[in-house]
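Here's the structure, in structure tokens; my notes come after.
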Amino acid sequence: MKKLVLLASFLLISTSLLVAQGTAGTGAKYEYRSLIDMQTAGILQKGYVGVTSDVLPQGVLIEKLEVGVFNNISFGISYGGANLIGAGSPIWYKYPGIDIRFRAMNESVSFPALTIGFDSQGKGVYFDSTSRYAIKSPGFFCAASKNFEFLGYLSLHGTLNYSLESKDGEDFVDLSVGCEKTIGENVSLIGEYDFAFNDNSSRYGAGNGYLNIGIRWAIGDGFTLGFDLRDLLDNKKWSPTTADRALRIEYVKSIF
């Protein structure tokens with residue numbers, strides 16, 4: 001009986017991998033709306049719903065629900081807190097996050113896709129003294145993304161953003177760049193660098209910027225699993241650790 005159960009489980013997993021169409025690999029069916037922390041020009045099209053879970057250090061868990069409400073317009077809401085995983089009392093975020101984005105220009109042979117929007121969800125613990133997240137929310141942003149055929153696909157991304165979290169004295173436009181490289185049909189490697197122009201104060205940042213890398217694996221129809229290494233340049237000064245480790249689970253489904 002145990003062997004039959006194992007065999008059945010293996011067949012189910014194998015079948016799901018054969019139809020894997022998440023956001024990773026050459027067989028990706030959906031667009032990235034963000035790489036790790038930085039926004040991209042990706043958007044959920046009308047009639048699709050996305051649910052994303054980010055599991056971060058210090059017991060941080062962030063849940064996000066996105067809906068493609070119109071053609072090239074999507075809306076998202078998120079909420080979470082610190083110390084939700086582990087022992088002790090949870091520390092909930094003060095407010096839910098809002099994500100609204102509009103695809104201003106679709107990608108063409110000569111030009112990248114261009115999306116403008118607003119996202120108020122930061123990451124990590126929330127500092128009440130300066131009214132900011134450990135990783136600031138993007139705020140208002142403009143993102144460009146371009147795909148190229150290169151041993152599969154290579155995607156390049158760039159984002160300008162202005163966060164409303166400026167009570168720490170760091171009130172400046174920020175810049176992030178990133179890329180994705182597909183590895184086969186179901187796997188992608190991603191990387192991003194946040195120059196952190198709005199987060200280089202002596203209290204929070206060391207002036208190195210945030211370098212993050214990760215891997216994404218489409219494990220089933222609409223499901224994508226991710227593992228990230230964050231802050232490889234040891235920029236943050238509010239944590240005694242160096243690089244962080246994080247997980248991301250994403251599910252996208254048509255509601256029609």
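As shown in the structure tokens, the chain order sets the letters A, B, ...; within each chain, residues go from 1, and ligands are also counted from 1 in the order they appear.
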| task | May I have all residues of segment 3-148 of chain A that DSSP, computed from the backbone, assigns to strand (DSSP E), given as number ranges by chain? | result | A: 48-56, 60-70, 73-82, 91-92, 97-105, 113-119, 123-127, 132-135, 139-148
| request: Pick out the residues sitting within 7 Å of Gly214 of chain A, and hand them over as a list of chain:residue names; count only C-alpha atoms, and ignore anything fewer than 5 positions along from it in its own chain. | output: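 My list of contacting residues is A:Leu189, A:Ile190, A:Gly191, A:Gly226, A:Phe227, A:Asp228, A:Leu229.
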| task | Write out as a PyMOL selection string the residues lying within 12 Å of Ala143 of chain A, counting only C-alpha atoms and excluding same-chain residues fewer than 2 positions away. | result | chain A and resi 32-35+38-43+101-106+112-118+138+140-141+145-146+156-162+174-178
| Smallest atom-to-atom distance to Trp92 of chain A: which of A:Cys142, A:Asp244, A:Phe111, A:Gly124, using only C-alpha atoms? | A:Gly124
